[in-house]
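One structure is given here, and the rest of the page talks about it.
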Amino acid sequence: MAYVPGVALLAALAVGCSAGSDGSASDADSKPGGPTVTTAPPGKYRTLPAPCRAVPGSTLKDLLPGVAELPQQQQEKAFRGSPTVTYDTDRKVGCSWKSDAPDSTRNLSIDFERVVSYDPAVSDDDRARTLYAKKETAADLSGVTTPPGPPEKPAGSAAGEEMGTGKPDGGEGPAGPSPSASGTPGAPGGGSEDLRPRVLDGLGDAAFLDDLLTRAGSTAQHRTVSVVFRTSNVIVTVRYGEQPALVTKVPDSKELQEKAQALARKLAEVISE
């Protein structure tokens with residue numbers, strides 16, 4: 001009879017220990033949590049478009065003069081583009097194209113970057129906003145330096161080139177500059193349109209355009225127009241460049257800028273689809 005109470009006592013102790021353990025676990029779980037931390041919302045975009053198929057064929061024909069004259073097989077290869085080497089296609093993709101015409105070489109490239117924040121307190125959009133701001137700052141839109149090359153001539157002289165003819169003014173083409181000629185980015189008071197690097201309106205959440213004219217040694221001048229824009233957590237970069245065959249020819253700033261902006265707007269629509 002003395003054995004039974006001992007069993008009962010052991011059972012009671014076991015129940016008490018079990019209850020104590022549960023209570024301690026519950027307390028431990030509640031302490032580290034503390035105040036509830038709100039996690040920042042994810043970005044709007046979870047995927048990226050296929051870059052080499054993002055540009056319509058008709059647009060490529062316009063941006064890459066000379067390709068249409070190639071044999072069919074070479075045309076298809078040129079318009080297919082070359083995908084950018086990347087190790088995470090969910091985060092960054094790109095594609096580039098090139099055309100060689102008798103009078104000039106054109107280069108086109110597009111890049112899509114989907115920004116993801118690994119900080120739960122910082123949203124993908126905020127992180128993308130910060131990265132975009134760094135790109136804009138690096139472009140130094142506040143100051144435009146005179147590009148290398150022949151010194152600019154005053155308005156009314158035979159400077160620049162006639163838009164669309166490919167002939168230097170005062171040379172084989174008509175005398176005097178065309179009203180639309182813009183061999184170098186314009187400036188306030190120097191024409192009806194300012195073609196300097198600048199912030200753009202109405203493209204994504206934020207956008208800017210950069211225009212760079214370079215020349216290495218005695219080679220022809222090369223102009224590259226870059227349009228960078230952000231929409232939510234995706235940053236898109238369009239680069240469109242031209243290098244004329246003639247050393248004396250200056251790539252037309254207005255034409256390259258208009259075409260680069262038009263393509264950027266098309267890509268903004270592609271992302272939103």
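Identifiers in this document derive from the order of the structure tokens: chains are assigned A, B, ..., residues are numbered from 1 separately in each chain, and ligands are numbered from 1 in order of occurrence.
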
Write out as a PyMOL selection string the residues lying within 8 Å of Thr84 of chain A, counting only C-alpha atoms and excluding same-chain residues fewer than 3 positions away. chain A and resi 93-96

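Taking only C-alpha atoms, the non-local environment of Cys52 of chain A within 7 Å (same-chain residues fewer than 5 positions away omitted) comprises Arg80, Gly81, Pro83 and Cys95 of chain A.
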
Near Val225 of chain A, within 6 Å and counting only C-alpha atoms, which residues show up once chain neighbours fewer than 6 positions away are dropped, as a ChimeraX atom specification? /A:210-211,239-240

Can you tell me, as a list in words, what residues are no more than 12 Å from Pro244 of chain A when counting only C-alpha atoms, ignoring any on the same chain fewer than 5 positions away?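 Here the qualifying residues turn out to be Ser99, Asp100, Ala101, Pro102, Asp103, Ser104, Thr105, Arg106, Asn107, Gly166, Lys167, Pro168, Arg215, Thr219, Ala220, Gln221, His222, Arg223, Lys249, Val250, Pro251 and Asp252 of chain A.
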
Between A:Val115, A:Leu141, A:Val270, A:Ala262, which residue has the minimum interatomic distance to Arg129 of chain A, considering only C-alpha atoms? A:Val115

Residue contacts of Asp140 of chain A (12 Å, only C-alpha atoms) excluding same-chain residues fewer than 2 positions away, as a PyMOL selection string: chain A and resi 133-138+142-145+196-199+208-212

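You will find atom CA of Thr231 of chain A at 21.4 Å from atom CA of Thr86 of chain A.
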